[in-house]
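*Asks:* Pasting in a structure now, in structure tokens, and then I'll have a few things to ask.
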Amino acid sequence: MPDARNKKYRIGIDVGGTNTDAVLLDFNAYSASPPTHSILAAHKTPTTANVTNGIQTSLKLVLETSRIPKDQISCVVVGTTSFINAVVEQDARRLDKVAVLRLSKSFLRDVPPFPYYFPPTLERICNGYVGYVDGGLAIDGSEEAALNEKQVEFHCDEIRRMGIKSVVVVGVFSPIDEVFGQEGRVEEIIRKRLPNVNVVCSHRVANIGFKERENASILNATILRHARRTVKGYVAALKALDLSCPLYLTQNDGTIAECSEAAEFPIRTFSSGATNSMRGAAYLRESYDEHSVPTIVIDIGGTTTDVGVIEKTGFPRQAPAYVSVAGVTVNYSMPLIHSVGLGGGSIVRLQKSHVTVGPDSVGHQLEKLSRVFGGSTLTATDISVASGNSLVGSKELVQDLPSDVMSNVQTRIQALLEAAIDVVKTSPEPLPVLMVGGGSIVAPLTIRGASVVERPPYHDVANAVGAAISKVGGTVDIVQSTSSQSERAAIGHAKQLAIDRAIKAGAKATTVSIVNVESIPLQYVSNQVRTLAKATGDLDEIVSTSIQDTSVRAGSLEDAETEDAETCVPSSVEEAEMDLGSYKPNVLINVKSGITEWHISELDLKFLALGMYVLGCGGGGNPSSTEVLLRGHLRDGHRMRVIDASSLDSGANVYWGG
Amino acid sequence: MTATNFEVVLTMLGGHMGSPAVSVERLASTETVEAVRVLMEYLQQDSFDALMGLEIGGGNGLEPFLVGSSKYFDSPVIDADWMDKFTLSFVLEDKI
């Protein structure tokens, strides 16, 4: 058996919507200068409908180019946007109907899982069944009600009758259910009665915040079958090439997960594309130094530009509050990304007094519609070629562009990017900016607010590089009591637990360090503190599992290629866009009383809920679930009205409203 | 903002009290409606003229609309609140 010390090469693969990129990296040369010396091969091939082929091709190419023997590859790490894209594109072929079992005796019934929280098409695809079971906990960990197992059995029979294959179990306060394990017990019952059904327990998916945790669990459950099928395809690609090293998938936070575990929690990979792009870009810059200053990463694609920040830890800055995936709010830690509608294919329009660039774009039809490729649409790429900044297509086809048009467009693009980086900066000091992505040819090389603008070598395979340099992590997010330990001790315990988890996941103990730690007291509840900690380290090649085990597990699930497509055509316009400038509230005179009344609309509710949340400064709680409840009233034909205080007679009887 | 001249019979004052850490798990329901019903029974009143919320802010802000919806009491909501915390004023200073 080859010595683990010889396994110093890693292959990173990024499976994108259009292309699959692969790099082969000498991991021992990680801190080489320049870092590009560590890259021994890099290739881009089109992503195939059958994932196995595209990956196989790219693996073969990097192995051939680098001439590294297969037994010296320590692992293959794959990053993909396939799972999040299936949700964003509302692709019915890759998403399944889900049954939701909610555990609470007295709560939740007025705010159902699906309408309003999910865009209509996604709801149609996912909403299979909703059942309520007595159970649930209180905030101090005691039971709201004992679990009613008979009800679980009843719902199982209904689910079987409807043929639903994915069940979400979500209980009130389940993330702190250390004692009763209600969700786990429901899972056991379901597995016994419905052996071929997937079960997702919400406490394994996300933390406190019922609606957001339920949403995240539903998204995880709907994509589960597709995720397993896809990962099986990756495993098949490695096998076809006789690669016996382990396969990992990258997660939202830049750490890796063993492939069969990643297939169980695809939601944890949703933003790995963005994370890998940023981490890869930071690695590739000439003056790579993990602890210098935060770095802004601008990833310009065909249609959109995503701007993020790499902190001094080398990991992306996370979004501050709840994030929204395909219009669904989830409480998942995802990178902060500010997106603007600027890309290589952005359509340029010449108005009388100014130029506009995007937000619409020819997208991946660039090589058909753009002028440098013989089309008739003026795009940002055309301007870039005409001004000599890039060499694609035929420059002669855009030679007639007047120079003032070119400079106006470039000024406009520069302004868009300057505004974008201003949004993510938290102080006025200029920060280094890295440009990656195929559309980066349209960007200028100086931007106000940037200390330096760099487009590193291999920038077009930055995602694959990011995958290859992923670390192994352990995260902890637990509520601890401080009645018999100090807050400091609780934090210390969380940190140690994170380190232990990282080592258990395969990190080399000597390389593990804490990258993030937070402690949040719970409001109005005494002696409870929520402690979060994350530890990361380098993968310990000696202990990583062999691919043989994972293929056995994947083999017990449904076969890879058999899928029938019952396509659901996504509606192109979900809800009509409201022109806020011309909106007028509905104010009518009540014929009986003569009083002027403002009849509340759904939009009014939305404004009111937002404003109230802000004015309550968080301490008042979030009115959003009441908003959903009231929206239901309006849709059922009910009304609610507001009057001015002066409309009341003296002696009027006024009740408290809540 | 001028004070309005009317006399009202203030019947009750209250709202939801507690930690948002609970309300993020136990979602909105109709407790307020039930509370009003019980109190009406107790006070032996079978109607009222209008509702006014405790505060136009936070989780309590939308409760009056729930009680006043035509699904329950079909009562108008007064454009004001008992807390009077939202008399916002700005002082703009010119600084060169």
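Scheme for the structure tokens: letters A, B, ... for chains in order shown; per-chain residue numbers from 1; ligand numbers from 1 in order shown.
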What are the residues of chain A that have an atom within 8 Å of an atom of chain B, counting only C-alpha atoms, as a VMD selection string?

*Replies:* chain A and resid 107 to 111 139 172 to 173 208 to 211 522 to 525 597 608 to 609 611 to 627 629 to 630 633 638 to 646 648 to 658

*Asks:* What's around region 397-409 of chain A at 6 Å? Count only C-alpha atoms, leave out sequence neighbours fewer than 4 positions away in its own chain, and write the answer as number ranges by chain.

*Replies:* A: 372, 383, 386

*Asks:* Please identify which residues in region 240-414 of chain A DSSP calls strand (DSSP E) from the backbone, and express them as number ranges by chain.

*Replies:* A: 247-250, 256-258, 295-300, 305-310, 323-325, 328-330, 338-340, 346-350, 355-361

*Asks:* Atoms to include: N, CA and C atoms. Write the selected residues as a short mmCIF file (atom, residue, chain, number, x, y, z; two decimals), in the first residue's frame.

*Replies:*
data_model
loop_
_atom_site.label_atom_id
_atom_site.label_comp_id
_atom_site.auth_asym_id
_atom_site.auth_seq_id
_atom_site.Cartn_x
_atom_site.Cartn_y
_atom_site.Cartn_z
N LEU A 247 -13.82 10.73 -2.22
CA LEU A 247 -14.50 11.82 -2.92
C LEU A 247 -15.17 12.70 -1.87
N TYR A 248 -14.92 13.99 -1.95
CA TYR A 248 -15.57 14.93 -1.04
C TYR A 248 -16.37 15.95 -1.83
N LEU A 249 -17.37 16.53 -1.14
CA LEU A 249 -18.09 17.65 -1.74
C LEU A 249 -17.86 18.88 -0.87
N THR A 250 -17.81 20.06 -1.48
CA THR A 250 -17.59 21.26 -0.69
C THR A 250 -18.91 21.79 -0.16
N ILE A 256 -15.09 20.60 3.62
CA ILE A 256 -15.52 19.47 2.81
C ILE A 256 -16.36 18.49 3.63
N ALA A 257 -17.20 17.77 2.94
CA ALA A 257 -17.97 16.70 3.56
C ALA A 257 -17.76 15.44 2.75
N GLU A 258 -17.68 14.33 3.44
CA GLU A 258 -17.55 13.05 2.78
C GLU A 258 -18.77 12.86 1.88
N THR A 295 -10.30 40.91 1.54
CA THR A 295 -10.18 41.11 0.10
C THR A 295 -11.56 41.01 -0.54
N ILE A 296 -11.82 41.94 -1.43
CA ILE A 296 -13.10 41.90 -2.14
C ILE A 296 -12.94 41.05 -3.38
N VAL A 297 -13.90 40.17 -3.61
CA VAL A 297 -13.83 39.33 -4.81
C VAL A 297 -15.01 39.67 -5.70
N ILE A 298 -14.71 40.00 -6.95
CA ILE A 298 -15.76 40.31 -7.93
C ILE A 298 -15.76 39.20 -8.96
N ASP A 299 -16.89 38.49 -9.04
CA ASP A 299 -17.00 37.37 -9.98
C ASP A 299 -17.99 37.78 -11.06
N ILE A 300 -17.46 38.04 -12.25
CA ILE A 300 -18.32 38.53 -13.34
C ILE A 300 -18.63 37.38 -14.28
N THR A 305 -22.93 39.87 -11.84
CA THR A 305 -21.67 40.00 -11.11
C THR A 305 -21.98 39.78 -9.65
N ASP A 306 -21.23 38.88 -9.02
CA ASP A 306 -21.40 38.64 -7.59
C ASP A 306 -20.20 39.21 -6.85
N VAL A 307 -20.49 40.03 -5.84
CA VAL A 307 -19.40 40.63 -5.07
C VAL A 307 -19.44 40.09 -3.65
N GLY A 308 -18.32 39.62 -3.17
CA GLY A 308 -18.23 39.11 -1.80
C GLY A 308 -16.93 39.56 -1.16
N VAL A 309 -16.75 39.17 0.09
CA VAL A 309 -15.54 39.58 0.81
C VAL A 309 -14.90 38.36 1.46
N ILE A 310 -13.61 38.22 1.28
CA ILE A 310 -12.86 37.19 2.00
C ILE A 310 -12.24 37.85 3.22
N VAL A 323 -31.19 34.37 5.06
CA VAL A 323 -30.93 34.46 3.63
C VAL A 323 -32.10 33.87 2.87
N SER A 324 -32.16 34.20 1.61
CA SER A 324 -33.27 33.75 0.80
C SER A 324 -32.73 32.94 -0.37
N VAL A 325 -33.19 31.71 -0.50
CA VAL A 325 -32.78 30.87 -1.61
C VAL A 325 -33.97 30.69 -2.53
N VAL A 328 -37.17 31.67 -1.03
CA VAL A 328 -37.57 31.01 0.21
C VAL A 328 -36.60 31.42 1.31
N THR A 329 -37.13 31.91 2.44
CA THR A 329 -36.25 32.34 3.52
C THR A 329 -35.77 31.14 4.32
N VAL A 330 -34.47 31.06 4.52
CA VAL A 330 -33.90 29.99 5.33
C VAL A 330 -32.91 30.59 6.32
N HIS A 338 -23.33 40.33 -2.85
CA HIS A 338 -24.11 41.43 -3.41
C HIS A 338 -24.07 41.27 -4.93
N SER A 339 -25.24 41.10 -5.52
CA SER A 339 -25.27 40.84 -6.96
C SER A 339 -25.75 42.06 -7.73
N VAL A 340 -25.14 42.29 -8.87
CA VAL A 340 -25.63 43.35 -9.77
C VAL A 340 -25.76 42.76 -11.17
N SER A 346 -24.07 41.51 -21.08
CA SER A 346 -25.01 42.59 -20.77
C SER A 346 -25.28 43.45 -21.99
N ILE A 347 -26.55 43.75 -22.20
CA ILE A 347 -26.92 44.49 -23.41
C ILE A 347 -26.67 45.98 -23.19
N VAL A 348 -25.97 46.58 -24.14
CA VAL A 348 -25.64 48.01 -24.08
C VAL A 348 -26.65 48.79 -24.90
N ARG A 349 -27.24 49.80 -24.29
CA ARG A 349 -28.21 50.64 -25.02
C ARG A 349 -27.74 52.08 -25.01
N LEU A 350 -27.82 52.71 -26.18
CA LEU A 350 -27.38 54.09 -26.30
C LEU A 350 -28.59 55.00 -26.29
N VAL A 355 -25.72 56.18 -21.54
CA VAL A 355 -25.75 54.77 -21.96
C VAL A 355 -26.20 53.90 -20.79
N THR A 356 -26.84 52.78 -21.11
CA THR A 356 -27.15 51.81 -20.06
C THR A 356 -26.49 50.48 -20.40
N VAL A 357 -26.08 49.80 -19.35
CA VAL A 357 -25.46 48.48 -19.52
C VAL A 357 -26.26 47.50 -18.67
N GLY A 358 -26.93 46.54 -19.33
CA GLY A 358 -27.75 45.58 -18.58
C GLY A 358 -28.96 46.25 -17.96
N PRO A 359 -29.67 45.67 -16.99
CA PRO A 359 -29.36 44.38 -16.37
C PRO A 359 -29.65 43.15 -17.23
N ASP A 360 -30.36 43.36 -18.33
CA ASP A 360 -30.63 42.16 -19.12
C ASP A 360 -29.38 41.80 -19.94
N SER A 361 -29.33 40.54 -20.36
CA SER A 361 -28.11 40.06 -21.00
C SER A 361 -28.47 38.98 -22.01
#

*Asks:* Ser174 (chain A): which residues within 9 Å, counting only C-alpha atoms, same-chain residues fewer than 4 positions away excluded, as number ranges by chain?

*Replies:* A: 103, 136-137, 141, 170, 178, 181-183, 202-203, 207-208

*Asks:* Extract, using only C-alpha atoms, all DNA, RNA and protein residues at most 6 Å from region 500-502 of chain A, discarding same-chain residues fewer than 4 positions from it, and format them as a VMD selection string.

*Replies:* chain A and resid 473 to 474 507

*Asks:* Write the selection just made, keeping C-alpha atoms, as a compact mmCIF listing (two decimals), in the first residue's frame?

*Replies:*
# COMPACT_ATOMS: atom_id res chain seq x y z
CA GLY A 473 -14.34 21.78 9.57
CA GLY A 474 -16.36 21.22 12.70
CA ALA A 507 -8.66 17.14 10.08

*Asks:* Return as a PyMOL selection string the full set of residues in region 38-78 of chain B whose backbone-based DSSP assignment is alpha helix (DSSP H).

*Replies:* chain B and resi 38-43+63-68

*Asks:* Name the residues in contact with region 51-62 of chain A at a cut-off of 6 Å, using only C-alpha atoms, excluding same-chain residues fewer than 4 positions from it; report them as a VMD selection string.

*Replies:* chain A and resid 22 41 47 66 233 to 234 237

*Asks:* Could you tell me how far CA of Thr536 (chain A) lies from CA of Ala262 (chain A), in Å and to one decimal?

*Replies:*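 Pair CA of Thr536 (chain A) / CA of Ala262 (chain A) returns 17.3 Å.
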
*Asks:* May I ask for the distance between CA of Val362 (chain A) and CA of Gly344 (chain A), given in Å to one decimal place?

*Replies:* 8.7 Å

*Asks:* Suppose you want the space between CA of Ile11 (chain A) and CA of Ala319 (chain A); what is it in Å?

*Replies:*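 CA of Ala319 (chain A) lies at a distance of 29.0 Å from CA of Ile11 (chain A).
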